[in-house]
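my_file08.tsv follows (TSV, C-alpha atoms):
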```tsv
chain	number	residue	atom	x	y	z
A	29	MET	CA	8.64	27.70	64.89
A	30	ALA	CA	6.56	30.83	64.30
A	31	LYS	CA	3.28	30.40	62.49
A	32	VAL	CA	1.84	32.78	59.92
A	33	ILE	CA	-1.95	32.95	59.98
A	34	VAL	CA	-3.99	34.89	57.44
A	35	VAL	CA	-7.46	36.17	58.25
A	36	THR	CA	-9.20	36.28	54.90
A	37	SER	CA	-12.63	36.18	53.26
A	38	GLY	CA	-12.69	37.69	49.80
A	39	LYS	CA	-15.82	39.66	50.59
A	40	GLY	CA	-15.58	42.88	52.55
A	41	GLY	CA	-17.44	43.70	55.74
A	42	VAL	CA	-17.71	40.15	57.04
A	43	GLY	CA	-15.52	40.69	60.10
A	44	LYS	CA	-11.89	40.15	59.07
A	45	THR	CA	-10.48	43.06	61.04
A	46	THR	CA	-12.75	42.40	64.03
A	47	THR	CA	-11.54	38.80	63.94
A	48	SER	CA	-7.86	39.71	63.46
A	49	ALA	CA	-8.02	42.04	66.46
A	50	SER	CA	-9.78	39.59	68.77
A	51	PHE	CA	-7.94	36.50	67.59
A	52	SER	CA	-4.49	38.06	67.96
A	53	SER	CA	-5.46	39.48	71.36
A	54	GLY	CA	-6.69	36.04	72.42
A	55	LEU	CA	-3.43	34.40	71.35
A	56	ALA	CA	-1.48	37.01	73.30
A	57	LEU	CA	-3.70	36.64	76.38
A	58	ARG	CA	-2.74	32.98	76.42
A	59	GLY	CA	0.91	33.91	76.62
A	60	ASN	CA	1.91	33.71	72.98
A	61	ARG	CA	4.18	36.35	71.56
A	62	THR	CA	1.94	37.70	68.81
A	63	VAL	CA	2.08	40.34	66.11
A	64	VAL	CA	-0.86	41.40	63.97
A	65	ILE	CA	-0.20	43.03	60.59
A	66	ASP	CA	-2.64	45.22	58.66
A	67	PHE	CA	-2.30	44.47	54.93
A	68	ASP	CA	-4.97	46.93	53.84
A	69	VAL	CA	-2.65	49.56	52.41
A	70	GLY	CA	-4.55	52.76	51.69
A	71	LEU	CA	-7.52	51.78	53.84
A	72	ARG	CA	-5.99	50.83	57.16
A	73	ASN	CA	-8.41	50.23	59.99
A	74	LEU	CA	-6.85	47.68	62.28
A	75	ASP	CA	-5.28	50.57	64.23
A	76	LEU	CA	-8.76	51.98	64.96
A	77	ILE	CA	-10.18	48.62	66.01
A	78	MET	CA	-7.18	48.02	68.28
A	79	GLY	CA	-7.44	51.60	69.60
A	80	CYS	CA	-3.88	52.59	68.74
A	81	GLU	CA	-4.55	54.97	65.83
A	82	ARG	CA	-2.92	57.92	67.53
A	83	ARG	CA	0.28	56.04	68.16
A	84	VAL	CA	0.95	55.16	64.51
A	85	VAL	CA	4.17	56.80	63.40
A	86	TYR	CA	5.65	54.40	60.87
A	87	ASP	CA	4.07	51.62	58.87
A	88	ILE	CA	4.84	48.44	56.97
A	89	ILE	CA	5.76	50.31	53.76
A	90	ASN	CA	8.35	52.38	55.63
A	91	VAL	CA	9.88	49.11	56.81
A	92	ILE	CA	9.78	47.50	53.36
A	93	ASN	CA	11.47	50.56	51.86
A	94	GLY	CA	14.18	50.41	54.51
A	95	GLU	CA	13.33	53.85	55.88
A	96	VAL	CA	12.94	52.60	59.44
A	97	LEU	CA	13.74	49.49	61.42
A	98	LEU	CA	10.97	46.96	61.98
A	99	LYS	CA	10.96	47.56	65.74
A	100	GLN	CA	10.39	51.29	65.16
A	101	ALA	CA	7.15	50.55	63.34
A	102	LEU	CA	5.77	47.99	65.80
A	103	ILE	CA	3.20	49.37	68.25
A	104	LYS	CA	2.76	47.68	71.60
A	105	ASP	CA	-0.87	46.84	72.34
A	106	LYS	CA	-2.49	48.67	75.25
A	107	ASN	CA	-4.27	45.59	76.60
A	108	CYS	CA	-1.88	42.69	76.11
A	109	ASP	CA	1.80	42.50	77.01
A	110	ASN	CA	2.68	40.03	74.28
A	111	LEU	CA	0.92	41.76	71.41
A	112	TYR	CA	2.28	44.13	68.79
A	113	ILE	CA	0.61	45.82	65.84
A	114	LEU	CA	2.24	46.58	62.51
A	115	PRO	CA	0.03	49.14	60.77
A	116	ALA	CA	-0.55	49.54	57.05
A	117	SER	CA	0.27	52.75	55.26
A	118	GLN	CA	-2.66	55.09	54.77
A	119	THR	CA	-1.12	57.21	52.03
A	120	ARG	CA	0.80	54.85	49.81
A	121	ASP	CA	-0.30	52.88	46.86
A	122	LYS	CA	-1.15	49.25	47.52
A	123	ASP	CA	1.42	48.14	44.96
A	124	ALA	CA	4.12	49.28	47.39
A	125	LEU	CA	3.55	45.96	49.19
A	126	ASN	CA	5.73	43.53	47.33
A	127	LEU	CA	6.14	39.84	48.00
A	128	GLU	CA	9.86	40.03	48.43
A	129	GLY	CA	9.66	42.86	50.99
A	130	VAL	CA	6.86	41.22	52.95
A	131	GLY	CA	8.76	37.94	52.96
A	132	ARG	CA	11.76	39.67	54.49
A	133	ILE	CA	9.62	41.30	57.22
A	134	LEU	CA	7.94	38.01	58.07
A	135	ASP	CA	11.30	36.24	58.34
A	136	GLU	CA	12.49	38.90	60.75
A	137	LEU	CA	9.27	38.71	62.80
A	138	LYS	CA	9.53	34.93	63.01
A	139	GLU	CA	12.67	35.34	65.09
A	140	SER	CA	10.84	37.06	67.96
A	141	PHE	CA	7.19	36.00	67.71
A	142	ASP	CA	5.18	32.77	68.00
A	143	PHE	CA	2.25	33.90	65.88
A	144	ILE	CA	2.04	36.36	63.01
A	145	VAL	CA	-1.57	37.25	62.19
A	146	CYS	CA	-2.13	38.84	58.77
A	147	ASP	CA	-5.30	40.90	58.43
A	148	SER	CA	-6.13	40.69	54.72
A	149	PRO	CA	-7.93	43.39	52.78
A	150	ALA	CA	-11.10	42.45	50.91
A	151	GLY	CA	-10.90	41.34	47.31
A	152	ILE	CA	-8.45	39.08	45.52
A	153	GLU	CA	-6.02	41.67	44.27
A	154	SER	CA	-2.39	42.23	45.22
A	155	GLY	CA	-2.96	43.24	48.87
A	156	ALA	CA	-5.11	40.21	49.62
A	157	PHE	CA	-2.78	37.97	47.67
A	158	THR	CA	0.29	39.22	49.52
A	159	ALA	CA	-1.47	38.73	52.87
A	160	MET	CA	-2.24	35.08	52.11
A	161	TYR	CA	0.85	34.11	50.14
A	162	PHE	CA	3.07	33.26	53.12
A	163	ALA	CA	0.34	31.73	55.29
A	164	ASP	CA	0.77	28.45	57.14
A	165	GLU	CA	-2.84	28.53	58.27
A	166	ALA	CA	-5.90	30.50	57.18
A	167	LEU	CA	-8.99	31.66	59.03
A	168	VAL	CA	-11.67	31.95	56.38
A	169	VAL	CA	-14.21	34.39	57.77
A	170	THR	CA	-17.64	33.73	56.30
A	171	ASN	CA	-21.10	35.21	56.84
A	172	PRO	CA	-24.16	32.99	56.41
A	173	GLU	CA	-24.99	34.70	53.16
A	174	VAL	CA	-24.60	33.64	49.51
A	175	SER	CA	-22.05	36.19	48.30
A	176	SER	CA	-19.81	35.65	51.30
A	177	VAL	CA	-19.86	31.86	50.92
A	178	ARG	CA	-19.08	32.11	47.22
A	179	ASP	CA	-16.17	34.49	47.85
A	180	SER	CA	-14.81	32.22	50.57
A	181	ASP	CA	-14.85	29.35	48.12
A	182	ARG	CA	-12.89	31.44	45.66
A	183	ILE	CA	-10.35	32.33	48.34
A	184	LEU	CA	-9.96	28.65	49.23
A	185	GLY	CA	-9.23	27.96	45.57
A	186	ILE	CA	-6.51	30.61	45.52
A	187	LEU	CA	-4.96	29.33	48.78
A	188	ALA	CA	-4.84	25.84	47.32
A	189	ALA	CA	-3.33	26.92	44.02
A	190	LYS	CA	-1.27	30.07	44.47
A	191	SER	CA	-0.03	30.33	48.05
A	192	LYS	CA	3.68	29.83	48.70
A	193	ARG	CA	2.95	26.41	50.17
A	194	ALA	CA	1.05	25.42	47.03
A	195	VAL	CA	3.62	26.81	44.62
A	196	GLU	CA	6.50	25.12	46.42
A	197	GLY	CA	4.64	21.84	46.78
A	198	LEU	CA	4.77	21.89	50.59
A	199	GLU	CA	2.03	20.69	52.89
A	200	PRO	CA	-1.07	22.73	52.01
A	201	VAL	CA	-2.22	25.76	54.00
A	202	LYS	CA	-4.33	24.56	56.95
A	203	GLU	CA	-7.80	26.00	56.51
A	204	HIS	CA	-10.26	26.93	59.26
A	205	LEU	CA	-13.84	28.07	58.81
A	206	LEU	CA	-15.04	30.88	61.03
A	207	VAL	CA	-18.71	31.73	60.64
A	208	THR	CA	-19.45	35.24	61.85
A	209	ARG	CA	-22.60	37.34	62.32
A	210	TYR	CA	-24.57	34.17	62.93
A	211	ASP	CA	-28.19	34.48	63.97
A	212	PRO	CA	-29.59	31.11	65.16
A	213	LYS	CA	-33.10	32.55	65.33
A	214	ARG	CA	-33.09	33.32	61.63
A	215	VAL	CA	-31.48	29.96	60.87
A	216	ASN	CA	-34.35	28.21	62.67
A	217	ALA	CA	-36.84	30.26	60.71
A	218	GLY	CA	-35.24	29.04	57.48
A	219	GLU	CA	-34.11	32.54	56.61
A	220	MET	CA	-30.37	32.04	56.99
A	221	LEU	CA	-27.87	29.39	55.90
A	222	SER	CA	-26.92	27.18	58.84
A	223	VAL	CA	-23.36	26.40	59.91
A	224	THR	CA	-23.94	22.87	58.63
A	225	ASP	CA	-25.01	24.19	55.23
A	226	ILE	CA	-21.89	26.35	55.00
A	227	GLN	CA	-19.64	23.49	56.07
A	228	GLU	CA	-21.26	21.19	53.56
A	229	ILE	CA	-20.61	23.68	50.80
A	230	LEU	CA	-17.08	24.83	51.72
A	231	ARG	CA	-15.88	21.49	53.08
A	232	ILE	CA	-13.30	22.78	55.56
A	233	PRO	CA	-13.12	22.20	59.34
A	234	LEU	CA	-15.11	24.58	61.53
A	235	LEU	CA	-13.09	26.59	64.04
A	236	GLY	CA	-15.96	28.52	65.55
A	237	VAL	CA	-19.16	30.49	65.27
A	238	ILE	CA	-19.40	34.14	66.29
A	239	PRO	CA	-22.97	35.24	66.95
A	240	GLU	CA	-24.39	38.43	65.51
A	241	SER	CA	-24.18	40.99	68.28
A	242	GLU	CA	-24.64	44.67	68.90
A	243	SER	CA	-21.62	44.66	71.16
A	244	VAL	CA	-19.21	44.36	68.22
A	245	LEU	CA	-20.08	47.90	67.19
A	246	GLN	CA	-19.65	49.09	70.76
A	247	ALA	CA	-16.23	47.47	70.90
A	248	SER	CA	-15.15	49.14	67.66
A	249	ASN	CA	-16.57	52.49	68.83
A	250	ALA	CA	-14.32	52.29	71.85
A	251	GLY	CA	-11.27	50.88	70.08
A	252	ASN	CA	-11.21	47.74	72.20
A	253	PRO	CA	-11.14	44.34	70.50
A	254	ALA	CA	-14.43	42.49	71.12
A	255	ILE	CA	-12.67	39.66	72.96
A	256	HIS	CA	-12.11	42.01	75.93
A	257	LEU	CA	-15.85	42.71	76.36
A	258	GLU	CA	-17.29	41.46	79.62
A	259	LYS	CA	-20.29	39.14	79.77
A	260	SER	CA	-20.48	39.02	76.02
A	261	ASP	CA	-21.24	36.06	73.77
A	262	VAL	CA	-18.92	37.46	71.13
A	263	ALA	CA	-16.01	37.65	73.56
A	264	ASP	CA	-16.67	34.10	74.77
A	265	ALA	CA	-16.99	32.86	71.20
A	266	TYR	CA	-13.62	34.38	70.25
A	267	LYS	CA	-11.99	32.92	73.38
A	268	ASP	CA	-13.31	29.50	72.32
A	269	VAL	CA	-11.91	30.03	68.83
A	270	VAL	CA	-8.45	30.76	70.23
A	271	ARG	CA	-8.56	27.73	72.55
A	272	ARG	CA	-9.61	25.45	69.68
A	273	PHE	CA	-6.89	26.92	67.51
A	274	MET	CA	-4.38	26.07	70.26
A	275	GLY	CA	-5.54	22.47	70.10
A	276	GLU	CA	-8.22	22.18	72.77
A	277	GLU	CA	-11.35	20.25	71.96
A	278	LEU	CA	-14.39	22.29	72.91
A	279	PRO	CA	-18.02	21.81	71.95
A	280	MET	CA	-19.41	24.47	69.62
A	281	ARG	CA	-21.49	27.17	71.28
A	282	PHE	CA	-23.77	29.97	70.12
A	283	MET	CA	-25.28	27.85	67.38
A	284	THR	CA	-28.72	27.59	68.94
A	285	GLU	CA	-31.30	30.13	69.89
A	286	LYS	CA	-31.06	31.53	73.37
A	287	ALA	CA	-34.09	30.42	75.32
A	288	GLY	CA	-36.30	33.35	76.23
A	289	PHE	CA	-37.54	34.00	79.73
A	290	PHE	CA	-40.91	32.27	79.29
A	291	LYS	CA	-39.43	29.34	77.47
A	292	ARG	CA	-36.99	28.80	80.33
A	293	LEU	CA	-39.80	29.23	82.84
A	294	LEU	CA	-41.77	26.52	81.08
A	295	GLY	CA	-38.76	24.25	81.03
A	296	GLY	CA	-38.29	24.58	77.29
A	297	ALA	CA	-34.53	24.65	77.48
B	21	MET	CA	-38.33	18.10	47.11
B	22	SER	CA	-40.71	15.29	46.50
B	23	MET	CA	-43.88	15.87	44.55
B	24	ILE	CA	-46.08	15.25	47.57
B	25	ALA	CA	-44.12	17.66	49.73
B	26	GLY	CA	-44.28	20.14	46.90
B	27	LEU	CA	-48.00	19.67	46.64
B	28	ILE	CA	-48.48	20.14	50.37
B	29	ASP	CA	-46.39	23.29	50.23
B	30	TYR	CA	-48.44	24.48	47.29
B	31	LEU	CA	-51.72	23.80	49.09
B	32	ARG	CA	-50.48	25.50	52.23
B	33	GLY	CA	-49.44	28.39	50.10
B	34	SER	CA	-46.02	28.41	51.73
B	35	GLU	CA	-42.96	29.06	49.66
B	36	LYS	CA	-39.66	27.27	49.86
B	37	LYS	CA	-37.52	28.61	52.69
B	38	THR	CA	-35.01	31.07	51.37
B	39	ALA	CA	-32.10	29.43	53.22
B	40	LEU	CA	-32.73	26.27	51.22
B	41	VAL	CA	-32.90	28.25	47.99
B	42	ALA	CA	-29.57	29.87	48.93
B	43	LYS	CA	-27.95	26.52	49.59
B	44	GLU	CA	-29.12	25.00	46.32
B	45	ARG	CA	-28.05	28.02	44.30
B	46	LEU	CA	-24.61	27.97	45.92
B	47	GLN	CA	-24.15	24.27	45.30
B	48	ILE	CA	-24.88	24.69	41.61
B	49	ILE	CA	-22.79	27.79	40.97
B	50	LEU	CA	-19.82	26.57	43.02
B	51	ALA	CA	-19.78	23.19	41.28
B	52	HIS	CA	-19.56	25.11	38.04
B	53	GLU	CA	-16.89	27.52	39.24
B	54	ARG	CA	-14.77	24.80	40.81
B	55	ALA	CA	-14.83	22.82	37.58
B	56	GLY	CA	-13.48	25.84	35.74
B	57	ARG	CA	-10.65	26.34	38.20
B	58	GLY	CA	-7.16	25.25	37.26
B	59	THR	CA	-8.22	25.05	33.66
B	60	ALA	CA	-8.79	28.75	33.28
B	61	THR	CA	-9.45	29.58	29.64
B	62	PRO	CA	-6.07	30.16	28.01
B	63	ASP	CA	-5.51	33.47	26.23
B	64	TYR	CA	-5.09	31.84	22.85
B	65	LEU	CA	-8.50	30.19	22.82
B	66	PRO	CA	-10.44	33.01	21.08
B	67	ALA	CA	-7.77	33.33	18.37
B	68	LEU	CA	-7.69	29.57	17.90
B	69	GLN	CA	-11.44	29.54	17.51
B	70	GLU	CA	-11.31	32.30	14.89
B	71	GLU	CA	-8.64	30.56	12.83
B	72	LEU	CA	-10.28	27.16	13.00
B	73	MET	CA	-13.54	28.70	11.96
B	74	ALA	CA	-11.90	30.40	8.99
B	75	VAL	CA	-10.47	27.07	7.83
B	76	ILE	CA	-13.75	25.22	8.17
B	77	ALA	CA	-15.71	28.01	6.53
B	78	LYS	CA	-13.59	27.46	3.41
B	79	TYR	CA	-15.21	24.04	2.97
B	80	ILE	CA	-18.47	24.08	4.87
B	81	HIS	CA	-20.93	26.81	5.45
B	82	VAL	CA	-21.51	26.99	9.21
B	83	ASP	CA	-23.01	29.60	11.48
B	84	ARG	CA	-20.87	31.36	13.99
B	85	ASP	CA	-23.25	30.17	16.73
B	86	SER	CA	-22.96	26.53	15.76
B	87	PHE	CA	-19.23	26.52	16.34
B	88	LYS	CA	-17.77	26.01	19.81
B	89	VAL	CA	-14.22	25.53	21.05
B	90	GLN	CA	-13.81	24.52	24.68
B	91	LEU	CA	-11.01	23.41	26.90
B	92	GLY	CA	-12.15	20.95	29.53
B	93	LYS	CA	-10.87	18.23	31.81
B	94	HIS	CA	-11.55	14.55	31.46
B	95	ASP	CA	-10.02	12.49	34.27
B	96	GLN	CA	-6.40	13.57	34.22
B	97	TYR	CA	-6.38	14.78	30.64
B	98	ASP	CA	-6.99	18.24	29.33
B	99	VAL	CA	-9.40	17.95	26.45
B	100	LEU	CA	-9.72	20.41	23.60
B	101	GLU	CA	-13.26	20.06	22.41
B	102	LEU	CA	-14.42	21.22	18.99
B	103	ASN	CA	-18.15	21.26	18.51
B	104	ILE	CA	-19.58	22.08	15.13
B	105	THR	CA	-23.25	21.69	14.33
B	106	LEU	CA	-23.62	21.14	10.63
B	107	PRO	CA	-26.53	22.75	8.83
B	108	GLU	CA	-29.43	20.37	8.15
B	109	ASN	CA	-30.69	19.35	4.70
B	110	ARG	CA	-27.73	20.77	3.04
B	111	LYS	CA	-25.17	19.06	0.87
B	112	LEU	CA	-21.71	19.56	2.22
```
Could you spell out this file's structure in structure tokens?
Amino acid sequence: MAKVIVVTSGKGGVGKTTTSASFSSGLALRGNRTVVIDFDVGLRNLDLIMGCERRVVYDIINVINGEVLLKQALIKDKNCDNLYILPASQTRDKDALNLEGVGRILDELKESFDFIVCDSPAGIESGAFTAMYFADEALVVTNPEVSSVRDSDRILGILAAKSKRAVEGLEPVKEHLLVTRYDPKRVNAGEMLSVTDIQEILRIPLLGVIPESESVLQASNAGNPAIHLEKSDVADAYKDVVRRFMGEELPMRFMTEKAGFFKRLLGGA
Amino acid sequence: MSMIAGLIDYLRGSEKKTALVAKERLQIILAHERAGRGTATPDYLPALQEELMAVIAKYIHVDRDSFKVQLGKHDQYDVLELNITLPENRKL
């Protein structure tokens, strides 16, 4: 049975699209038939992060309006065989995304995919709501920063009260915490909320920690999801996230400061 | 923080770590926001407050500020709470 996963956060700029791109790529790399949908109508960016912006011809609104077939709008990913991208419309109004239409598309996608990853826009308005409504599981992307944690809490409240699963009284949406842009050095200095602090506050299971890294910008510059970077902590962290999501038990990494040269020399770590 | 720890911090001139401040602030505000969830203030509450106040004002002289209508939760029950502070030293 296909699973619908929403990547959400409430707050903007925390790494939803970066995560959607890498997470869906990771699922596909492990052999899962995966589709990633951009729900940010009017401000689409997943296409840029995935590096397929010049191949966008049709979008999700065209499909909802019955102007084209779903398969005409799906773009095959350049890196992974099992991955497809369904772009958002750049010109339409965000109200063009209606629950009924999106539900129909998801039902059709469920027939040919194992995982449907929904990249939510920021905020809690219709686009974000539509992206999370049908979710079976949710990746709640959170930065170690007060406004992001508060917004994540709000999103968790909405998932628990207004998602399809909540409304229909089914088993609740399975929630996963993903802490991104984490800087262990600043955590040790008492300048940044720790993963434990965030977990204590949000009270949902931790799926992974993505360290703050300059390579994320380089990946987005090039239009290659960060998970494909070589010798990169971010890529390794996302691979761990995907493996944990698939049920493997792995110890958390990237939560402690990297030992510097001298520290290692002196046997510090 | 204990008083002694506070005193030591004070003597050392060090301030509370900002991460700790962040955590405490979040715990307080989220406890408040979570409590309000699910019992979002119904639309009719302001109108109800106005009408109740008009009725009471017929019999007792009360300030606008000393009159509060709130909808809260107590165990499983929704509770409509009316809070009126009566003026002191005044015959009703």
Two-atom distance - atom CA of Leu206 of chain A, atom CA of Ala56 of chain A (Å) | 19.3 Å
Interatomic distance between atom CA of Val262 of chain A and atom CA of Leu205 of chain A?
-> 16.3 Å
Interface residues on chain A facing chain B, 8 Å, all atoms listed in the file, written as a list in words |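 Residues satisfying the distance criterion: Glu173, Val174, Val177, Arg178, Asp181, Gly185, Ala189, Val215, Gly218, Glu219, Met220, Leu221, Ser222, Asp225 and Ile229 of chain A.
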Filtering to C-alpha atoms, could you give me those residues as a tab-separated table (two decimals), in the coordinates of the input?
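Final output, saved to out-v4.tsv:
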```tsv
chain	number	residue	atom	x	y	z
A	173	GLU	CA	-24.99	34.70	53.16
A	174	VAL	CA	-24.60	33.64	49.51
A	177	VAL	CA	-19.86	31.86	50.92
A	178	ARG	CA	-19.08	32.11	47.22
A	181	ASP	CA	-14.85	29.35	48.12
A	185	GLY	CA	-9.23	27.96	45.57
A	189	ALA	CA	-3.33	26.92	44.02
A	215	VAL	CA	-31.48	29.96	60.87
A	218	GLY	CA	-35.24	29.04	57.48
A	219	GLU	CA	-34.11	32.54	56.61
A	220	MET	CA	-30.37	32.04	56.99
A	221	LEU	CA	-27.87	29.39	55.90
A	222	SER	CA	-26.92	27.18	58.84
A	225	ASP	CA	-25.01	24.19	55.23
A	229	ILE	CA	-20.61	23.68	50.80
```
Quick one: axis-aligned box around all listed atoms of segment 45-57 of chain A, 6 Å on every side, centre and edge lengths in Å to one decimal, written as JSON.
```
{"center_x": -7.1, "center_y": 38.7, "center_z": 68.7, "size_x": 23.3, "size_y": 20.7, "size_z": 27.3}
```
Who sits within 9 Å of Asn126 of chain A, only C-alpha atoms, same chain under 4 positions skipped, as a compact mmCIF listing (two decimals) with C-alpha atoms, keeping the file's coordinate frame:
```
# COMPACT_ATOMS: atom_id res chain seq x y z
CA ILE A 92 9.78 47.50 53.36
CA LYS A 122 -1.15 49.25 47.52
CA VAL A 130 6.86 41.22 52.95
CA GLY A 131 8.76 37.94 52.96
CA SER A 154 -2.39 42.23 45.22
CA GLY A 155 -2.96 43.24 48.87
CA THR A 158 0.29 39.22 49.52
```
Would you mind telling me which residue in A:Leu245, A:Leu97, A:Leu137, A:Met160 lies nearest to Lys192 of chain A when using all atoms listed in the file?
-> A:Met160
